[in-house]
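Each remark here refers to the structure printed beneath this line.
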Amino acid sequence: MKYRFSRKQLAIPYALFLLVFVAAPLVVIVYYALTGSDGTPTADNFIRFFSDPNTLGTLLYSLILALVTTCVCLLIAYPVAYALAFSRLKASSVLVMLFIMPMWINFTLRLTALKEILTLIEGNLAFHPFLNSVIGMTYDFLPFMILPIYNQLERLDKSLLEAAKDLGAGDAQSFIKVTLPLSMPGVVSGIAMVFLPAMTNYVVLDMLYNSTYIMGSLIGSYFAAYDWHGGSMISLILLALICIFTLLTKSDEGQKTRGGSLV
Amino acid sequence: MAENIIELKNITRRFDDDGYIAVKDFNLNVGRGEFVTFLGPSGCGKTTTLRMIAGFDTPTEGEILLNGKDITVLPPNKRPINTVFQRYALFPHMDIFENIAFGLKLKKLPREEVIKKVKHVLDLVDLEGFEERSVATLSGGQQQRIAIARALVNEPEILLLDEPLGALDLKMRKEMQIELKAMHQQLGITFIYVTHDQEEALTMSDKIVVMNRGSIQQIGTPEDIYNEPKNAFVADFIGESNIFKGIMTGKLKVRFCGGEFECMDDVDEGTLVDVVVRPEDVILSEPGDGTVTGTVTAVTFKGMHYEITVESGKYEMVIVSTKAQKVGDKVGMSLEPDGIHIMIAEDHITRFEASVTSDYKLDYNGKTINCDLLKVIPGSKMKDGVLTDSSGQAIDTDKIKINVSIEPGDIEMSDDVEAGLTHGHIINLIYKGDHYCYVVRTAHGHDLIVDDEYLWNMGDQVGLVLPEDKMSFALKK
């Protein structure tokens with residue numbers, strides 16, 4: 001029989017990639033998380049995580065750090081995205097470029113530069129670990145917040161705003177009743193793209209000579225101490241948290257129609 | 001007619017960035033309860049005018065009076081005017097109830113009243129019980145009705161409709177036309193309607209404003225506009241029509257199309273005129289019986305009638321008839337005096353469009369015209385041999401066109417066909433006392449009017465010399 005090529009076969013390379021680099025490690029993580037050092041199934045790792053005040057403290061600290069970073073990013077990104085999307089300037093695409101361009105530079109290099117600047121201002125970086133973490137992460141993740149919001153606002157049908165005004169809404173009312181709700185899908189995907197990495201990206205903290213621990217650093221330290229089982233369990237818990245968070249934002253987004261997101 | 005609800009006085013809208021004039025010296029009074037339609041081709045300024053009435057745009061000059069009060073710069077949310085947008089502009093994140101209640105809620109009306117009013121307008125647009133539906137589940141026609149309901153629920157003094165039926169299919173469009181008209185009669189609200197569809201305008205309006213290139217061409221009832229078009233543009237735009245250049249040859253006598261006809265418009269002898277003949281007014285007869293004889297070149301069946309094209313000499317006439325003809329047959333054509341509409345030709349200036357070459361000269365069908373582009377393009381400068389615009393950016397010559405115009409008396413005719421910019425043959429000549437007025441059909445099919453003191457013969461091939469120093473140039477927008 002003649003061999004027939006179907007479009008589905010184009011997905012084979014990616015399927016293989018998924019299998020080897022995503023599915024398999026996941027299985028390994030689940031296996032390690034649910035077994036003890038002797039290889040027998042156990043819930044010890046789970047209990048250990050939730051009974052250790054240190055790990056719980058790290059989780060809480062990570063959540064707060066991620067939350068603050070996300071809020072700061074949102075507060076900066078929304079007005080910027082709004083200004084870019086609604087500017088009458090012909091140069092607005094250049095301005096968008098300016099905000100995207102930092103993403104083209106290696107991020108360790110960017111952080112090194114940031115570190116020098118912060119050292120110049122603060123003297124010793126160790127005095128303000130939380131503040132520095134927020135600054136570093138905001139600096140790093142801001143474009144990921146601006147871009148989805150900008151995309152969403154850019155695509156917003158401007159005649160809707162005219163319709164709102166036509167029906168009697170002032171500038172503020174038409175923003176609150178039309179622009180803001182219609183830009184929510186962008187905001188939600190922006191949050192997803194900032195909040196999740198902000199919980200785990202300990203490289204930012206390391207680069208800024210930060211001694212505080214976030215979830216990422218915690219996992220790293222477990223693995224560094226060859227505690228595969230404990231590290232895997234924390235990864236799994238984090239994964240579960242991310243899943244829950246994503247599901248929550250997705251179900252919200254579903255209501256808003258025509259989601260505009262990067263994730 | 002009741003008093004004027006809205007008056008537009010000397011409205012001009014100029015766009016700053018390129019000096020483009022979208023609306024020019026627009027004057028209009030709309031009576032309370034009238035159904036007024038702005039009709040014109042796309043880019044004629046009708047939507048810009050509507051936007052100025054709505055408040056989304058502000059006139060550069062002139063004023064807009066609502067009930068005698070100046071509202072020229074009043075923001076849209078302060079005007080008792082609502083708009084039905086071309087693409088409906090329904091809020092996708094709200095259900096139908098919230099969409100319609102949007103304006104009412106802003107007015108802080110009590111909830112029971114909002115519910116009552118929303119229900120009432122939904123009844124009006126025949127979509128009872130649609131409150132809970134989401135916008136995305138509605139068909140185009142239903143969305144259109146919701147958009148109308150959303151505007152009407154605010155009980156505006158004027159309802160603006162910007163090509164509201166443009167996106168609907170033909171059958172739905174016809175239905176909505178009738179419904180809109182009925183709604184207008186039922187509600188007594190003033191409607192201002194924008195469309196490029198002449199049939200829509202004729203069907204629905206009390207008053208039609210025909211626009212072209214930002215200027216009003218004619219204001220009148222549908223009957224006026226159709227039967228007594230003021231100029232060739234209106235005649236051409238409204239309905240099918242044959243337009244010929246002609247000349248008055250005597251009292252109530254006009255010569256065009258190679259024949260002399262009796263007409264009803266009393267215009268001085270010797271006046272150059274445009275003659276409009278509606279296809280349904282041409283009477284076909286046996287060859288020889290009519291005023292002019294021609295050959296049938298095309299017959300198209302249109303359902304209700306046949307559309308027949310007859311060629312007579314250099315002229316082509318489109319005729320509508322219920323009787324079929326055979327291609328190639330000879331037919332006679334005649335016209336009743338009331339089937340001829342005469343318009344005094346405003347001018348017979350020759351206009352054509354030329355492209356710009358890379359060395360900043362004009363090109364018209366391969367012939368070069370010298371022209372000082374610095375004077376034609378406002379704010380332009382010559383920098384290092386490159387033409388730049390007012391902001392200093394190089395002008396892309398491929399992107400611009402120049403309108404060239406020249407008076408009939410300035411065109412010279414020559415025996416040498418290749419002598420000038422173009423050439424053609426004489427298809428009409430009229431002696432006008434001290435000179436002859438010729439109509440020359442160029443090789444490209446244009447009819448040019450040329451005044452010349454020497455006598456040439458019908459059918460003569462002539463070269464047309466257009467002296468550069470007599471030409472006027474303007475940048476095409």
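Note on naming: chains are A, B, ... as they come in the structure tokens, residues start from 1 per chain, ligands start from 1 in the order shown.
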
Please tabulate, as CSV, the residues of chain A that come within 7 Å of chain B, each with its closest pair of atoms and the distance in Å to one decimal, counting only C-alpha atoms and ordering rows by chain, then residue number upward.
residue,atom,partner,partner_atom,distance
A:Ser159,CA,B:Ala89,CA,5.9
A:Leu160,CA,B:Ala89,CA,5.1
A:Ala163,CA,B:Ala89,CA,6.5
A:Lys165,CA,B:Asn77,CA,4.9
A:Asp166,CA,B:Asn77,CA,5.3
A:Leu167,CA,B:Gly103,CA,4.8
A:Gly168,CA,B:Asn77,CA,3.9
A:Ala169,CA,B:Asn77,CA,5.7
A:Gly170,CA,B:Asn77,CA,6.3
A:Leu182,CA,B:His93,CA,6.8
A:Lys256,CA,B:His93,CA,5.9

Open item on the list: According to DSSP computed on the backbone, where in region 44-165 of chain B is there alpha helix (DSSP H)? Give the residues as a count of residues only.
Closed with: 47

Open item on the list: I'd like the neighbourhood of Val204 (chain A) as number ranges by chain, where a residue qualifies if any of its atoms comes within 12 Å (using only C-alpha atoms), though same-chain residues fewer than 6 positions away should be ignored.
Closed with: A: 107-112, 114-115, 129-130, 132-141, 197-198, 210-214, 216-217

Would you mind exporting N, CA and C atoms of the selected residues as a JSON list (two decimals), in the first residue's frame?
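selection_4.json, written as the output of this step:
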[["chain", "number", "residue", "atom", "x", "y", "z"],
["A", 107, "PHE", "N", 19.32, 38.48, 30.15],
["A", 107, "PHE", "CA", 18.77, 39.04, 31.37],
["A", 107, "PHE", "C", 19.76, 39.05, 32.54],
["A", 108, "THR", "N", 20.74, 38.15, 32.49],
["A", 108, "THR", "CA", 21.76, 38.23, 33.54],
["A", 108, "THR", "C", 22.56, 39.52, 33.39],
["A", 109, "LEU", "N", 22.77, 39.89, 32.13],
["A", 109, "LEU", "CA", 23.50, 41.13, 31.85],
["A", 109, "LEU", "C", 22.70, 42.32, 32.37],
["A", 110, "ARG", "N", 21.38, 42.29, 32.11],
["A", 110, "ARG", "CA", 20.51, 43.37, 32.57],
["A", 110, "ARG", "C", 20.55, 43.46, 34.09],
["A", 111, "LEU", "N", 20.49, 42.29, 34.73],
["A", 111, "LEU", "CA", 20.45, 42.27, 36.19],
["A", 111, "LEU", "C", 21.78, 42.75, 36.78],
["A", 112, "THR", "N", 22.86, 42.42, 36.11],
["A", 112, "THR", "CA", 24.17, 42.89, 36.58],
["A", 112, "THR", "C", 24.20, 44.41, 36.54],
["A", 114, "LEU", "N", 21.62, 46.34, 36.67],
["A", 114, "LEU", "CA", 20.70, 46.82, 37.70],
["A", 114, "LEU", "C", 21.36, 46.78, 39.09],
["A", 115, "LYS", "N", 22.10, 45.70, 39.29],
["A", 115, "LYS", "CA", 22.77, 45.53, 40.58],
["A", 115, "LYS", "C", 23.72, 46.70, 40.83],
["A", 129, "PRO", "N", 16.49, 43.59, 51.06],
["A", 129, "PRO", "CA", 16.33, 42.41, 50.18],
["A", 129, "PRO", "C", 14.98, 42.36, 49.48],
["A", 130, "PHE", "N", 13.92, 42.66, 50.22],
["A", 130, "PHE", "CA", 12.58, 42.55, 49.62],
["A", 130, "PHE", "C", 12.40, 43.59, 48.52],
["A", 132, "ASN", "N", 14.69, 45.11, 46.81],
["A", 132, "ASN", "CA", 15.52, 44.80, 45.66],
["A", 132, "ASN", "C", 14.92, 43.69, 44.81],
["A", 133, "SER", "N", 14.34, 42.69, 45.50],
["A", 133, "SER", "CA", 13.72, 41.61, 44.75],
["A", 133, "SER", "C", 12.58, 42.15, 43.89],
["A", 134, "VAL", "N", 11.77, 43.00, 44.49],
["A", 134, "VAL", "CA", 10.64, 43.55, 43.74],
["A", 134, "VAL", "C", 11.14, 44.37, 42.56],
["A", 135, "ILE", "N", 12.14, 45.21, 42.80],
["A", 135, "ILE", "CA", 12.68, 46.03, 41.71],
["A", 135, "ILE", "C", 13.24, 45.15, 40.60],
["A", 136, "GLY", "N", 14.04, 44.16, 41.01],
["A", 136, "GLY", "CA", 14.66, 43.28, 40.02],
["A", 136, "GLY", "C", 13.62, 42.55, 39.19],
["A", 137, "MET", "N", 12.62, 42.01, 39.85],
["A", 137, "MET", "CA", 11.61, 41.24, 39.12],
["A", 137, "MET", "C", 10.73, 42.14, 38.26],
["A", 138, "THR", "N", 10.39, 43.30, 38.80],
["A", 138, "THR", "CA", 9.61, 44.24, 38.00],
["A", 138, "THR", "C", 10.36, 44.61, 36.73],
["A", 139, "TYR", "N", 11.64, 44.90, 36.93],
["A", 139, "TYR", "CA", 12.49, 45.26, 35.80],
["A", 139, "TYR", "C", 12.49, 44.15, 34.77],
["A", 140, "ASP", "N", 12.51, 42.93, 35.26],
["A", 140, "ASP", "CA", 12.62, 41.80, 34.37],
["A", 140, "ASP", "C", 11.30, 41.46, 33.68],
["A", 141, "PHE", "N", 10.22, 41.57, 34.41],
["A", 141, "PHE", "CA", 8.95, 41.04, 33.89],
["A", 141, "PHE", "C", 8.00, 42.10, 33.32],
["A", 197, "PRO", "N", 6.27, 33.28, 37.26],
["A", 197, "PRO", "CA", 7.74, 33.32, 37.33],
["A", 197, "PRO", "C", 8.25, 34.05, 38.56],
["A", 198, "ALA", "N", 7.49, 35.06, 39.03],
["A", 198, "ALA", "CA", 7.96, 35.82, 40.18],
["A", 198, "ALA", "C", 8.04, 34.95, 41.43],
["A", 210, "ASN", "N", 21.05, 38.42, 46.98],
["A", 210, "ASN", "CA", 19.95, 38.43, 47.93],
["A", 210, "ASN", "C", 19.97, 37.13, 48.71],
["A", 211, "SER", "N", 19.83, 37.22, 50.00],
["A", 211, "SER", "CA", 19.91, 36.00, 50.80],
["A", 211, "SER", "C", 18.54, 35.42, 51.09],
["A", 212, "THR", "N", 17.48, 36.14, 50.68],
["A", 212, "THR", "CA", 16.14, 35.63, 50.97],
["A", 212, "THR", "C", 15.80, 34.46, 50.06],
["A", 213, "TYR", "N", 14.89, 33.65, 50.53],
["A", 213, "TYR", "CA", 14.51, 32.43, 49.83],
["A", 213, "TYR", "C", 13.13, 32.58, 49.21],
["A", 214, "ILE", "N", 13.02, 32.16, 47.98],
["A", 214, "ILE", "CA", 11.67, 32.00, 47.42],
["A", 214, "ILE", "C", 11.54, 30.55, 46.99],
["A", 216, "GLY", "N", 11.60, 28.94, 44.29],
["A", 216, "GLY", "CA", 12.61, 28.43, 43.36],
["A", 216, "GLY", "C", 13.89, 28.09, 44.10],
["A", 217, "SER", "N", 14.32, 29.02, 44.95],
["A", 217, "SER", "CA", 15.58, 28.78, 45.66],
["A", 217, "SER", "C", 15.44, 27.59, 46.61]]

Open item on the list: I'd like the neighbourhood of Glu157 (chain B) as a ChimeraX atom specification, where a residue qualifies if any of its atoms comes within 12 Å (using only C-alpha atoms), though same-chain residues fewer than 2 positions away should be ignored.
Closed with: /B:4-6,30-34,54,66-67,79-83,151-155,159-160,184,187-192

Open item on the list: If I take CA of Phe144 (chain A) and CA of Leu26 (chain A), how far is one from the other in Å, to one decimal?
Closed with: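 For CA of Phe144 (chain A) relative to CA of Leu26 (chain A), the distance reads 26.3 Å.
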
Open item on the list: What does the structure give for the distance between CA of Val296 (chain B) and CA of Ile308 (chain B), in Å to one decimal?
Closed with: 7.0 Å

TODO: Mind giving me the straight-line distance from CA of Val465 (chain B) to CA of Leu421 (chain B) in Å, one decimal?
DONE: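 Answer for the CA of Val465 (chain B) to CA of Leu421 (chain B) separation: 5.9 Å.
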